[in-house]
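The data block below is data06.txt; it holds compact mmCIF, C-alpha atoms.
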```txt
# COMPACT_ATOMS: atom_id res chain seq x y z
CA MET A 1 -111.56 -172.76 -12.59
CA LYS A 2 -115.12 -171.99 -13.76
CA THR A 3 -115.84 -169.96 -10.60
CA GLU A 4 -112.61 -168.05 -11.16
CA THR A 5 -113.61 -167.27 -14.77
CA ILE A 6 -117.05 -166.01 -13.70
CA LYS A 7 -115.45 -163.90 -10.98
CA THR A 8 -112.94 -162.40 -13.44
CA LEU A 9 -115.67 -161.73 -16.02
CA ARG A 10 -117.91 -160.06 -13.43
CA ALA A 11 -115.04 -157.89 -12.19
CA PHE A 12 -114.23 -156.95 -15.77
CA LEU A 13 -117.83 -155.95 -16.55
CA ILE A 14 -118.03 -153.80 -13.38
CA GLU A 15 -114.69 -152.26 -14.31
CA LEU A 16 -115.96 -151.54 -17.82
CA ALA A 17 -119.16 -149.90 -16.45
CA VAL A 18 -117.23 -147.67 -14.01
CA TYR A 19 -114.74 -146.83 -16.74
CA ALA A 20 -117.55 -145.96 -19.19
CA VAL A 21 -119.10 -143.50 -16.69
CA LEU A 22 -115.70 -141.85 -16.18
CA VAL A 23 -115.09 -141.65 -19.92
CA ILE A 24 -118.52 -140.09 -20.65
CA ALA A 25 -117.89 -137.47 -17.94
CA TYR A 26 -114.50 -136.88 -19.54
CA PHE A 27 -116.06 -136.37 -23.01
CA PHE A 28 -118.41 -133.68 -21.74
CA LEU A 29 -116.16 -131.89 -19.28
CA VAL A 30 -112.61 -131.94 -20.61
CA LEU A 31 -113.01 -132.23 -24.39
CA HIS A 32 -115.81 -129.63 -24.50
CA PHE A 33 -113.59 -127.03 -22.84
CA LEU A 34 -110.43 -128.01 -24.70
CA GLY A 35 -111.97 -127.95 -28.19
CA ASN A 36 -111.93 -124.25 -29.07
CA GLY A 37 -108.60 -123.53 -27.39
CA LEU A 38 -106.91 -126.32 -29.32
CA ARG A 39 -108.55 -125.18 -32.55
CA GLN A 40 -107.11 -121.67 -32.08
CA LEU A 41 -103.70 -123.13 -31.27
CA GLU A 42 -103.81 -125.32 -34.37
CA VAL A 43 -104.61 -122.36 -36.60
CA ASN A 44 -102.22 -119.79 -35.09
CA HIS A 45 -99.33 -121.68 -33.46
CA ARG A 46 -98.76 -124.95 -35.30
CA TYR A 47 -95.51 -125.96 -33.54
CA THR A 48 -96.97 -125.31 -30.09
CA TYR A 49 -100.05 -127.30 -31.10
CA ALA A 50 -97.82 -130.22 -32.18
CA GLY A 51 -96.00 -130.21 -28.82
CA VAL A 52 -99.23 -129.83 -26.81
CA SER A 53 -100.82 -132.70 -28.80
CA ILE A 54 -98.05 -135.11 -27.84
CA LEU A 55 -98.13 -134.00 -24.20
CA LEU A 56 -101.93 -134.42 -24.09
CA ILE A 57 -101.97 -137.93 -25.56
CA ILE A 58 -99.09 -139.14 -23.36
CA GLY A 59 -100.61 -137.45 -20.29
CA GLN A 60 -103.97 -139.06 -20.96
CA ALA A 61 -102.30 -142.44 -21.51
CA VAL A 62 -100.51 -142.30 -18.15
CA LEU A 63 -103.69 -141.09 -16.41
CA LEU A 64 -105.93 -143.77 -17.94
CA GLU A 65 -103.37 -146.50 -17.28
CA ASN A 66 -103.37 -145.50 -13.62
CA VAL A 67 -107.18 -145.32 -13.52
CA THR A 68 -107.58 -148.81 -15.05
CA THR A 69 -104.89 -150.27 -12.78
CA PHE A 70 -106.60 -148.69 -9.76
CA LEU A 71 -109.97 -150.10 -10.86
CA LEU A 72 -108.42 -153.56 -11.31
CA ARG A 73 -106.91 -153.43 -7.82
CA LEU A 74 -110.13 -152.13 -6.30
CA LEU A 75 -112.34 -154.76 -7.91
CA ARG A 76 -110.06 -157.76 -7.81
CA GLY A 77 -107.90 -156.95 -4.82
CA ARG A 78 -104.69 -157.56 -6.76
CA SER A 79 -102.53 -155.82 -9.34
CA GLU A 80 -103.12 -157.92 -12.41
CA MET B 1 -120.10 -134.72 -31.71
CA LEU B 2 -118.30 -131.94 -33.60
CA PHE B 3 -114.52 -132.06 -33.65
CA PRO B 4 -113.61 -128.43 -34.41
CA ILE B 5 -110.03 -129.03 -35.60
CA SER B 6 -110.93 -131.27 -38.55
CA GLY B 7 -114.55 -130.06 -38.75
CA ALA B 8 -115.77 -133.69 -38.68
CA HIS B 9 -118.97 -134.93 -37.00
CA ILE B 10 -118.22 -138.35 -35.48
CA SER B 11 -119.86 -140.33 -32.68
CA PRO B 12 -117.47 -140.54 -29.68
CA ILE B 13 -118.85 -144.01 -28.89
CA TYR B 14 -117.82 -145.19 -32.39
CA LEU B 15 -114.32 -143.79 -31.87
CA ALA B 16 -113.98 -145.38 -28.42
CA VAL B 17 -115.13 -148.79 -29.74
CA ILE B 18 -112.70 -148.64 -32.69
CA GLY B 19 -109.96 -147.63 -30.25
CA PHE B 20 -110.86 -150.54 -27.97
CA LEU B 21 -110.60 -153.11 -30.79
CA ILE B 22 -107.30 -151.72 -32.06
CA GLY B 23 -106.06 -151.53 -28.48
CA ILE B 24 -106.56 -155.27 -28.01
CA LEU B 25 -104.64 -156.01 -31.23
CA GLY B 26 -101.88 -153.58 -30.30
CA GLY B 27 -101.44 -154.92 -26.78
CA PHE B 28 -101.38 -158.53 -27.98
CA PHE B 29 -99.32 -158.25 -31.19
CA GLY B 30 -97.34 -155.04 -30.71
CA VAL B 31 -98.77 -153.41 -33.84
CA GLY B 32 -100.18 -149.92 -34.35
CA GLY B 33 -103.32 -151.14 -36.12
CA SER B 34 -103.30 -148.47 -38.85
CA PHE B 35 -104.76 -150.90 -41.36
CA ILE B 36 -107.99 -150.83 -39.30
CA ALA B 37 -107.87 -147.29 -37.86
CA GLY B 38 -107.26 -145.61 -41.24
CA PRO B 39 -110.27 -147.16 -43.02
CA ALA B 40 -112.41 -146.78 -39.86
CA LEU B 41 -111.73 -143.04 -39.71
CA ARG B 42 -112.20 -142.64 -43.45
CA ALA B 43 -115.53 -144.49 -43.24
CA VAL B 44 -116.99 -141.70 -41.08
CA GLY B 45 -115.86 -138.97 -43.45
CA LEU B 46 -112.50 -137.88 -42.04
CA ASP B 47 -110.12 -136.63 -44.72
CA TRP B 48 -107.26 -138.98 -45.60
CA ASN B 49 -104.53 -136.63 -44.30
CA PHE B 50 -106.34 -136.26 -40.94
CA ALA B 51 -106.93 -140.03 -40.75
CA VAL B 52 -103.18 -140.74 -41.11
CA GLY B 53 -101.95 -138.06 -38.67
CA THR B 54 -104.69 -138.61 -36.07
CA ASP B 55 -104.15 -142.37 -36.15
CA LEU B 56 -100.45 -141.84 -35.37
CA ALA B 57 -101.34 -139.64 -32.37
CA HIS B 58 -103.71 -142.31 -31.05
CA ILE B 59 -100.99 -144.96 -31.56
CA VAL B 60 -98.68 -142.99 -29.23
CA GLY B 61 -101.23 -143.09 -26.40
CA LYS B 62 -102.15 -146.72 -26.90
CA SER B 63 -98.50 -147.77 -27.02
CA VAL B 64 -97.76 -145.96 -23.73
CA VAL B 65 -100.50 -147.97 -21.97
CA ALA B 66 -99.56 -151.31 -23.58
CA ALA B 67 -95.80 -150.82 -23.12
CA LYS B 68 -96.30 -149.93 -19.43
CA ARG B 69 -98.29 -153.12 -18.94
CA HIS B 70 -95.73 -155.20 -20.88
CA ARG B 71 -92.94 -153.66 -18.81
CA ALA B 72 -94.70 -154.77 -15.62
CA LEU B 73 -94.71 -158.28 -17.12
CA GLY B 74 -90.97 -158.05 -17.90
CA ASN B 75 -91.54 -157.91 -21.66
CA VAL B 76 -89.72 -154.68 -22.56
CA ASP B 77 -86.02 -154.38 -23.47
CA LEU B 78 -85.47 -150.63 -23.04
CA LYS B 79 -81.90 -150.69 -24.40
CA LEU B 80 -82.98 -152.44 -27.59
CA GLY B 81 -86.01 -150.15 -27.99
CA LEU B 82 -83.92 -146.98 -27.70
CA ILE B 83 -81.34 -148.22 -30.24
CA MET B 84 -84.09 -149.23 -32.65
CA ALA B 85 -85.81 -145.84 -32.41
CA PHE B 86 -82.82 -144.20 -34.16
CA GLY B 87 -82.93 -146.66 -37.07
CA THR B 88 -86.71 -146.38 -37.37
CA ILE B 89 -86.75 -142.58 -37.57
CA GLY B 90 -83.95 -142.63 -40.18
CA GLY B 91 -85.79 -145.27 -42.21
CA ALA B 92 -89.10 -143.39 -41.99
CA GLU B 93 -87.48 -140.27 -43.42
CA VAL B 94 -85.97 -142.23 -46.34
CA GLY B 95 -89.35 -143.95 -46.94
CA ALA B 96 -91.11 -140.58 -47.04
CA GLN B 97 -88.50 -139.31 -49.55
CA LEU B 98 -89.07 -142.40 -51.73
CA ILE B 99 -92.78 -141.59 -51.78
CA GLN B 100 -92.00 -138.03 -52.89
CA MET B 101 -89.75 -139.39 -55.71
CA LEU B 102 -92.49 -141.75 -56.88
CA LYS B 103 -95.04 -138.92 -56.73
CA ARG B 104 -92.84 -136.88 -59.06
CA ALA B 105 -92.49 -139.91 -61.36
CA GLY B 106 -96.29 -140.19 -61.36
CA ASN B 107 -96.66 -143.88 -60.46
CA VAL B 108 -96.76 -143.80 -56.66
CA ASN B 109 -100.06 -145.64 -56.17
CA LEU B 110 -99.23 -148.64 -58.35
CA VAL B 111 -95.70 -149.12 -56.98
CA VAL B 112 -96.72 -148.72 -53.33
CA SER B 113 -99.68 -151.06 -53.80
CA ILE B 114 -97.64 -153.84 -55.46
CA VAL B 115 -94.80 -153.56 -52.93
CA SER B 116 -97.18 -153.63 -49.97
CA ILE B 117 -99.14 -156.64 -51.29
CA ALA B 118 -95.87 -158.55 -51.86
CA VAL B 119 -94.57 -157.66 -48.37
CA TYR B 120 -97.81 -158.48 -46.55
CA VAL B 121 -98.31 -161.83 -48.30
CA SER B 122 -94.64 -162.81 -47.85
CA ILE B 123 -94.72 -162.07 -44.10
CA SER B 124 -97.92 -164.05 -43.59
CA SER B 125 -96.73 -167.01 -45.68
CA PHE B 126 -93.40 -167.18 -43.88
CA MET B 127 -94.94 -166.86 -40.41
CA ILE B 128 -97.57 -169.52 -41.04
CA TRP B 129 -94.85 -171.92 -42.27
CA GLU B 130 -92.49 -171.18 -39.38
CA SER B 131 -94.99 -171.15 -36.51
CA ARG B 132 -96.74 -174.33 -37.69
CA LYS B 133 -93.38 -176.09 -38.10
CA THR B 134 -92.33 -174.97 -34.61
CA LEU B 135 -95.63 -176.05 -33.05
CA ALA B 136 -95.45 -179.44 -34.81
CA SER B 137 -91.90 -180.17 -33.64
CA LYS B 138 -91.38 -182.75 -30.87
CA LYS B 139 -89.58 -180.41 -28.49
CA PRO B 140 -91.89 -179.26 -25.68
CA LEU B 141 -92.87 -175.59 -25.74
CA PRO B 142 -91.63 -173.49 -22.86
CA PRO B 143 -94.23 -172.63 -20.24
CA ALA B 144 -96.37 -169.60 -21.16
CA SER B 145 -95.95 -167.84 -17.83
CA ALA B 146 -94.42 -164.36 -17.59
CA LYS B 147 -91.10 -165.95 -16.50
CA GLY B 148 -91.12 -168.63 -19.20
CA ALA B 149 -92.14 -166.04 -21.79
CA LYS B 150 -88.50 -165.01 -22.12
CA GLN B 151 -87.73 -168.47 -23.54
CA ASP B 152 -88.83 -169.00 -27.09
CA ARG B 153 -87.98 -171.18 -30.01
CA SER B 154 -88.48 -171.05 -33.74
CA ALA B 155 -87.98 -173.27 -36.78
CA PHE B 156 -85.85 -170.44 -38.21
CA GLN B 157 -83.48 -170.41 -35.23
CA HIS B 158 -80.44 -171.75 -37.18
CA VAL B 159 -80.50 -168.66 -39.44
CA THR B 160 -81.04 -166.33 -36.46
CA ARG B 161 -78.01 -167.86 -34.69
CA ALA B 162 -75.86 -167.42 -37.81
CA ILE B 163 -76.86 -163.72 -37.90
CA GLN B 164 -76.05 -163.34 -34.19
CA ARG B 165 -72.57 -164.86 -34.79
CA LEU B 166 -71.62 -162.15 -37.33
CA LYS B 167 -68.69 -160.19 -35.85
CA LEU B 168 -69.53 -156.67 -36.98
CA ALA B 169 -68.21 -154.38 -34.23
CA PRO B 170 -69.59 -152.99 -32.00
CA ILE B 171 -71.35 -156.02 -30.53
CA ILE B 172 -74.23 -155.10 -28.22
CA HIS B 173 -75.20 -157.22 -25.22
CA LEU B 174 -78.92 -157.23 -24.49
CA PRO B 175 -79.24 -158.98 -21.12
CA VAL B 176 -83.04 -158.60 -20.91
CA SER B 177 -83.50 -160.36 -24.27
CA GLY B 178 -80.56 -162.72 -23.67
CA VAL B 179 -78.97 -161.77 -27.01
CA ARG B 180 -75.51 -160.56 -28.16
CA ILE B 181 -75.64 -159.05 -31.62
CA SER B 182 -74.01 -156.41 -33.82
CA LEU B 183 -75.32 -152.86 -33.42
CA TRP B 184 -75.45 -152.57 -37.22
CA ILE B 185 -77.87 -155.49 -37.53
CA ILE B 186 -80.21 -153.91 -34.94
CA LEU B 187 -80.06 -150.58 -36.78
CA ALA B 188 -80.62 -152.30 -40.15
CA VAL B 189 -83.74 -154.10 -38.86
CA ALA B 190 -85.08 -150.85 -37.39
CA PHE B 191 -84.21 -148.94 -40.56
CA VAL B 192 -86.12 -151.41 -42.76
CA GLY B 193 -89.14 -151.17 -40.41
CA GLY B 194 -88.96 -147.38 -40.56
CA LEU B 195 -88.55 -147.46 -44.33
CA PHE B 196 -91.79 -149.43 -44.72
CA SER B 197 -93.48 -147.14 -42.19
CA GLY B 198 -92.54 -144.06 -44.24
CA PHE B 199 -93.24 -145.79 -47.54
CA LEU B 200 -96.50 -147.62 -46.77
CA GLY B 201 -97.78 -145.57 -43.81
CA GLY B 202 -98.69 -146.68 -40.29
CA GLY B 203 -96.30 -147.94 -37.64
CA ALA B 204 -95.04 -150.98 -39.66
CA GLY B 205 -95.31 -153.25 -36.61
CA TYR B 206 -96.34 -156.01 -39.05
CA ILE B 207 -92.75 -156.09 -40.35
CA ARG B 208 -90.77 -154.99 -37.25
CA MET B 209 -92.20 -157.50 -34.77
CA PRO B 210 -91.45 -160.55 -37.00
CA SER B 211 -88.00 -159.11 -37.89
CA MET B 212 -87.13 -158.79 -34.21
CA VAL B 213 -88.04 -162.45 -33.66
CA TYR B 214 -86.48 -163.99 -36.80
CA VAL B 215 -83.48 -161.73 -37.48
CA LEU B 216 -82.45 -160.50 -34.02
CA GLY B 217 -83.62 -163.60 -32.12
CA ILE B 218 -85.68 -161.67 -29.55
CA PRO B 219 -88.26 -163.88 -27.75
CA THR B 220 -91.77 -163.16 -29.11
CA HIS B 221 -93.19 -161.67 -25.89
CA LEU B 222 -90.22 -159.33 -25.59
CA ALA B 223 -90.47 -158.42 -29.29
CA VAL B 224 -94.11 -157.38 -28.77
CA GLY B 225 -93.36 -155.29 -25.64
CA THR B 226 -90.17 -153.73 -27.03
CA ASP B 227 -91.84 -152.93 -30.35
CA LEU B 228 -94.56 -151.04 -28.46
CA PHE B 229 -91.95 -149.09 -26.50
CA GLU B 230 -90.13 -148.24 -29.71
CA ILE B 231 -93.42 -147.19 -31.36
CA ILE B 232 -93.92 -144.56 -28.60
CA ILE B 233 -90.76 -142.79 -29.77
CA SER B 234 -91.18 -143.18 -33.53
CA ALA B 235 -94.95 -142.45 -33.54
CA SER B 236 -94.37 -139.34 -31.36
CA TYR B 237 -91.94 -138.11 -33.99
CA GLY B 238 -94.48 -138.88 -36.73
CA THR B 239 -97.28 -137.18 -34.78
CA PHE B 240 -95.23 -134.02 -34.32
CA SER B 241 -94.32 -133.97 -38.01
CA HIS B 242 -97.97 -134.47 -39.11
CA ALA B 243 -99.31 -131.96 -36.54
CA VAL B 244 -97.02 -129.27 -37.91
CA LYS B 245 -98.41 -130.02 -41.40
CA GLY B 246 -101.99 -129.68 -40.06
CA ASN B 247 -102.86 -133.39 -40.29
CA VAL B 248 -103.71 -134.16 -36.63
CA ASP B 249 -107.06 -133.73 -34.87
CA ILE B 250 -105.87 -134.45 -31.36
CA LEU B 251 -109.42 -134.42 -29.94
CA ILE B 252 -110.36 -137.41 -32.11
CA ALA B 253 -107.16 -139.19 -31.02
CA LEU B 254 -107.94 -138.50 -27.34
CA VAL B 255 -111.45 -139.94 -27.67
CA MET B 256 -110.20 -143.03 -29.57
CA HIS B 257 -107.61 -143.52 -26.89
CA THR B 258 -110.20 -143.79 -24.10
CA GLY B 259 -111.22 -147.14 -25.64
CA ALA B 260 -107.69 -148.11 -26.65
CA ALA B 261 -106.38 -147.66 -23.09
CA ILE B 262 -108.51 -150.50 -21.75
CA GLY B 263 -108.18 -152.65 -24.91
CA ALA B 264 -104.38 -152.39 -24.83
CA GLN B 265 -104.32 -153.61 -21.22
CA ILE B 266 -106.49 -156.61 -22.08
CA GLY B 267 -104.27 -157.43 -25.10
CA ALA B 268 -101.05 -157.12 -23.10
CA ILE B 269 -102.29 -159.27 -20.20
CA SER B 270 -103.55 -161.91 -22.68
CA THR B 271 -100.01 -162.53 -24.03
CA GLN B 272 -99.20 -164.25 -20.72
CA TYR B 273 -101.48 -167.13 -21.65
CA PHE B 274 -99.94 -167.90 -25.06
CA ALA B 275 -96.53 -169.30 -26.06
CA GLY B 276 -94.44 -167.44 -28.68
CA PRO B 277 -95.25 -169.67 -31.72
CA LYS B 278 -99.00 -169.41 -30.99
CA ILE B 279 -98.79 -165.60 -30.88
CA ARG B 280 -96.91 -165.68 -34.20
CA LEU B 281 -99.51 -168.00 -35.75
CA ALA B 282 -102.33 -165.72 -34.56
CA PHE B 283 -100.45 -162.77 -36.10
CA VAL B 284 -100.72 -164.27 -39.64
CA PRO B 285 -104.14 -162.77 -40.61
CA LEU B 286 -103.10 -159.18 -39.81
CA PRO B 287 -100.80 -158.57 -42.83
CA LEU B 288 -103.35 -160.44 -45.00
CA ILE B 289 -106.06 -157.96 -43.94
CA GLY B 290 -103.66 -155.18 -44.94
CA ALA B 291 -103.10 -156.88 -48.34
CA ALA B 292 -106.87 -157.30 -48.88
CA ILE B 293 -107.43 -153.57 -48.22
CA VAL B 294 -104.72 -152.62 -50.72
CA ILE B 295 -106.11 -155.01 -53.39
CA TYR B 296 -109.60 -153.55 -52.85
CA THR B 297 -108.24 -150.01 -53.24
CA LEU B 298 -106.24 -150.97 -56.35
CA PHE B 299 -109.21 -152.51 -58.17
CA THR B 300 -112.00 -150.15 -57.11
CA GLY B 301 -110.09 -146.88 -56.86
CA HIS B 302 -111.75 -146.20 -53.49
CA LYS B 303 -109.19 -145.56 -50.76
CA LEU B 304 -110.41 -147.29 -47.57
```
Mind turning the file's structure into structure tokens?
Amino acid sequence: MKTETIKTLRAFLIELAVYAVLVIAYFFLVLHFLGNGLRQLEVNHRYTYAGVSILLIIGQAVLLENVTTFLLRLLRGRSE
Amino acid sequence: MLFPISGAHISPIYLAVIGFLIGILGGFFGVGGSFIAGPALRAVGLDWNFAVGTDLAHIVGKSVVAAKRHRALGNVDLKLGLIMAFGTIGGAEVGAQLIQMLKRAGNVNLVVSIVSIAVYVSISSFMIWESRKTLASKKPLPPASAKGAKQDRSAFQHVTRAIQRLKLAPIIHLPVSGVRISLWIILAVAFVGGLFSGFLGGGAGYIRMPSMVYVLGIPTHLAVGTDLFEIIISASYGTFSHAVKGNVDILIALVMHTGAAIGAQIGAISTQYFAGPKIRLAFVPLPLIGAAIVIYTLFTGHKL
């Protein structure tokens, strides 16, 4: 039981580190390029901006859910 | 980091950490976590209107992740969630209109504050009484595995059964939840949740999740998962509405969501290890935190 807990904790910390690297890369690459375009959309085309906002947050949610599930499988060898 | 839409300078690490903490709460309890996200965004200088709209956008993303995970665990009743979404949206609109009426009457802050304190304290008091009574009863608790999670019991079950026996056609069969109940009761529960969401702000998971358990008789794990699924629909509607009014900085929501995505998964997976009454008992402090924030705002005049 204790060994299992240590193993799970270690896998979680590795997962968190890999995830953090991916997220930092995401901050600098994606958000940097999206910022001004979204700002213009928000000022000039409010309804389009509203639709794009929902698509972006749902798209990111699906993507990150898949990334974290993949990391879990990779590190623990099972789909927890 | 500069967020050009709202013009705010906020550390992305701060946003991700706040998102992570709210994600854990959301995945475990099925709540949006606005009572933490709102003050946390205000604390770093975001305007109140942006804090409300941006928080809703982040709730959509977090709920997608948590609901997907809950669905994999068999904790989402899609049929119930879709029916409830209609009632919630209707209730939210009426709640928003009530706010407008109170604004015109000039006493919105006092009325909303008193109502919210009464609601928060009542929910917590009732849940602490019920969950402690259930845990203290002699009957053994069902196993807390994903399969056993669909069995639940509560000290309030006699009232729930009486509500389920009401013959108000059409009667809806919810095989995933194991419940047969009138469509009107489902819509009424969702409408009340939506009403509080429109009236007090946030997703109102603090009232909808307990209502699903005590009024509809949905097992706690399923109530958490289904509430999250329903929040995706109602919060998307709220996000669109706020974005059109210029109250959403989607970049802030996207950054917050990077933390929330992993937190929501941890919260959702954790529900497997707790029986329904224990989840309900652990839920008790959340509405009390909401009440404390409102009392602070009422006495100091500073909106958190």
Write down, as a list in words, each residue of chain B that has any atom within 7 Å of an atom of chain A, counting all atoms listed in the file.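 Every residue of chain B that passes the 7 Å test is in Pro4, Ile5, Gly61, Lys62, Val64, Val65, Ser236, Phe240, Ala243, Val244, Ile250, Leu251, Leu254, Thr258, Ala261 and Ile262 of chain B.
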How many Å separate atom CA of Gly205 of chain B from atom CA of Gly32 of chain B?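 One can read the atom CA of Gly205 of chain B to atom CA of Gly32 of chain B distance as 6.3 Å.
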Between atom CA of Ile123 of chain B and atom CA of Ala260 of chain B, distance in Å (one decimal):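 So the two atoms, atom CA of Ile123 of chain B and atom CA of Ala260 of chain B, lie 25.8 Å apart.
For the pair atom CA of Leu74 of chain A and atom CA of Val76 of chain B, the separation is 26.2 Å.
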Choose the residue, out of B:Pro277, B:Ser113, B:Thr239, B:Val179, that has the smallest atom-to-atom separation from Tyr296 of chain B; count all atoms listed in the file. B:Ser113
Determine, counting all atoms listed in the file, every residue of protein, DNA or RNA that lies within 12 Å of (-113.8, -143.7, -34.7) in the file coordinates, then give the result as a PyMOL selection string. chain B and resi 1+3+8-22+36-46+51+54-55+58+251-260
Nearest to Leu281 of chain B, restricted to all atoms listed in the file and choosing among B:Phe29, B:Tyr120, B:Phe50, B:Phe196, comes out as B:Phe29
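Distances here use all atoms listed in the file; by that measure, the residue among B:Leu228, B:Ile128, B:Leu2, B:Leu222 closest to Pro285 of chain B is B:Ile128.
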Skip segment 166-174 of chain B itself and residues of its chain fewer than 3 positions away, then list as JSON, numbers by chain all residues within 12 Å of it, counting all atoms listed in the file. {"B": [76, 77, 78, 79, 80, 81, 82, 83, 159, 160, 161, 162, 163, 177, 178, 179, 180, 181, 182, 183, 184, 185, 186, 187, 215, 216, 217, 218, 219, 222]}
Edge lengths and centre in Å to one decimal, as lines of an AutoDock Vina configuration file, is what I'm after for the box along x, y and z that holds all listed atoms of segment 26-42 of chain A once 4 Å is added on each side.
```
center_x = -111.1
center_y = -129.3
center_z = -26.8
size_x = 22.7
size_y = 23.2
size_z = 23.1
```
Hey, can you pull every residue with an atom no more than 12 Å from (-117.1, -155.3, -10.8), using only C-alpha atoms, and send it as a PDB file with C-alpha atoms, in the frame of the given file?
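Okay, this is what ended up in point.pdb:
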```pdb
ATOM      1  CA  ILE A   6    -117.050-166.010 -13.700  1.00  0.00           C
ATOM      2  CA  LYS A   7    -115.450-163.900 -10.980  1.00  0.00           C
ATOM      3  CA  THR A   8    -112.940-162.400 -13.440  1.00  0.00           C
ATOM      4  CA  LEU A   9    -115.670-161.730 -16.020  1.00  0.00           C
ATOM      5  CA  ARG A  10    -117.910-160.060 -13.430  1.00  0.00           C
ATOM      6  CA  ALA A  11    -115.040-157.890 -12.190  1.00  0.00           C
ATOM      7  CA  PHE A  12    -114.230-156.950 -15.770  1.00  0.00           C
ATOM      8  CA  LEU A  13    -117.830-155.950 -16.550  1.00  0.00           C
ATOM      9  CA  ILE A  14    -118.030-153.800 -13.380  1.00  0.00           C
ATOM     10  CA  GLU A  15    -114.690-152.260 -14.310  1.00  0.00           C
ATOM     11  CA  LEU A  16    -115.960-151.540 -17.820  1.00  0.00           C
ATOM     12  CA  ALA A  17    -119.160-149.900 -16.450  1.00  0.00           C
ATOM     13  CA  VAL A  18    -117.230-147.670 -14.010  1.00  0.00           C
ATOM     14  CA  TYR A  19    -114.740-146.830 -16.740  1.00  0.00           C
ATOM     15  CA  LEU A  71    -109.970-150.100 -10.860  1.00  0.00           C
ATOM     16  CA  LEU A  72    -108.420-153.560 -11.310  1.00  0.00           C
ATOM     17  CA  ARG A  73    -106.910-153.430  -7.820  1.00  0.00           C
ATOM     18  CA  LEU A  74    -110.130-152.130  -6.300  1.00  0.00           C
ATOM     19  CA  LEU A  75    -112.340-154.760  -7.910  1.00  0.00           C
ATOM     20  CA  ARG A  76    -110.060-157.760  -7.810  1.00  0.00           C
ATOM     21  CA  GLY A  77    -107.900-156.950  -4.820  1.00  0.00           C
TER      22      GLY A  77
END
```
Do a neighbour search on Ile231 of chain B at 10 Å with only C-alpha atoms, toss out local chain neighbours closer than 6 positions, and write the hits as a PyMOL selection string. chain B and resi 30-32+56+59-60+62-64+67+81+84-85+88+203-205+225+237-238
Using only C-alpha atoms, please write the residues we just selected to a file, as a PDB file, in the frame of the given file.
```pdb
ATOM      1  CA  GLY B  30     -97.340-155.040 -30.710  1.00  0.00           C
ATOM      2  CA  VAL B  31     -98.770-153.410 -33.840  1.00  0.00           C
ATOM      3  CA  GLY B  32    -100.180-149.920 -34.350  1.00  0.00           C
ATOM      4  CA  LEU B  56    -100.450-141.840 -35.370  1.00  0.00           C
ATOM      5  CA  ILE B  59    -100.990-144.960 -31.560  1.00  0.00           C
ATOM      6  CA  VAL B  60     -98.680-142.990 -29.230  1.00  0.00           C
ATOM      7  CA  LYS B  62    -102.150-146.720 -26.900  1.00  0.00           C
ATOM      8  CA  SER B  63     -98.500-147.770 -27.020  1.00  0.00           C
ATOM      9  CA  VAL B  64     -97.760-145.960 -23.730  1.00  0.00           C
ATOM     10  CA  ALA B  67     -95.800-150.820 -23.120  1.00  0.00           C
ATOM     11  CA  GLY B  81     -86.010-150.150 -27.990  1.00  0.00           C
ATOM     12  CA  MET B  84     -84.090-149.230 -32.650  1.00  0.00           C
ATOM     13  CA  ALA B  85     -85.810-145.840 -32.410  1.00  0.00           C
ATOM     14  CA  THR B  88     -86.710-146.380 -37.370  1.00  0.00           C
ATOM     15  CA  GLY B 203     -96.300-147.940 -37.640  1.00  0.00           C
ATOM     16  CA  ALA B 204     -95.040-150.980 -39.660  1.00  0.00           C
ATOM     17  CA  GLY B 205     -95.310-153.250 -36.610  1.00  0.00           C
ATOM     18  CA  GLY B 225     -93.360-155.290 -25.640  1.00  0.00           C
ATOM     19  CA  TYR B 237     -91.940-138.110 -33.990  1.00  0.00           C
ATOM     20  CA  GLY B 238     -94.480-138.880 -36.730  1.00  0.00           C
TER      21      GLY B 238
END
```
Between B:Ile279, B:Gln265, B:Val121, B:Phe299, which one has atoms that come closest to Ile24 of chain B, using only C-alpha atoms?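 Checking each candidate against Ile24 of chain B, we get B:Gln265 as the closest.
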Complete segment 177-183 of chain B with N, CA and C atoms (output as a short mmCIF file (atom, residue, chain, number, x, y, z; two decimals), keeping the file's coordinate frame).
```cif
data_model
loop_
_atom_site.label_atom_id
_atom_site.label_comp_id
_atom_site.auth_asym_id
_atom_site.auth_seq_id
_atom_site.Cartn_x
_atom_site.Cartn_y
_atom_site.Cartn_z
N SER B 177 -83.08 -159.44 -23.21
CA SER B 177 -83.50 -160.36 -24.27
C SER B 177 -82.63 -161.62 -24.32
N GLY B 178 -81.48 -161.57 -23.64
CA GLY B 178 -80.56 -162.72 -23.67
C GLY B 178 -79.88 -162.87 -25.01
N VAL B 179 -79.53 -161.74 -25.65
CA VAL B 179 -78.97 -161.77 -27.01
C VAL B 179 -77.71 -160.90 -27.07
N ARG B 180 -76.69 -161.39 -27.82
CA ARG B 180 -75.51 -160.56 -28.16
C ARG B 180 -75.51 -160.45 -29.67
N ILE B 181 -75.51 -159.24 -30.17
CA ILE B 181 -75.64 -159.05 -31.62
C ILE B 181 -75.01 -157.72 -32.04
N SER B 182 -74.63 -157.64 -33.31
CA SER B 182 -74.01 -156.41 -33.82
C SER B 182 -75.01 -155.24 -33.81
N LEU B 183 -74.50 -154.08 -33.43
CA LEU B 183 -75.32 -152.86 -33.42
C LEU B 183 -75.88 -152.58 -34.82
#
```
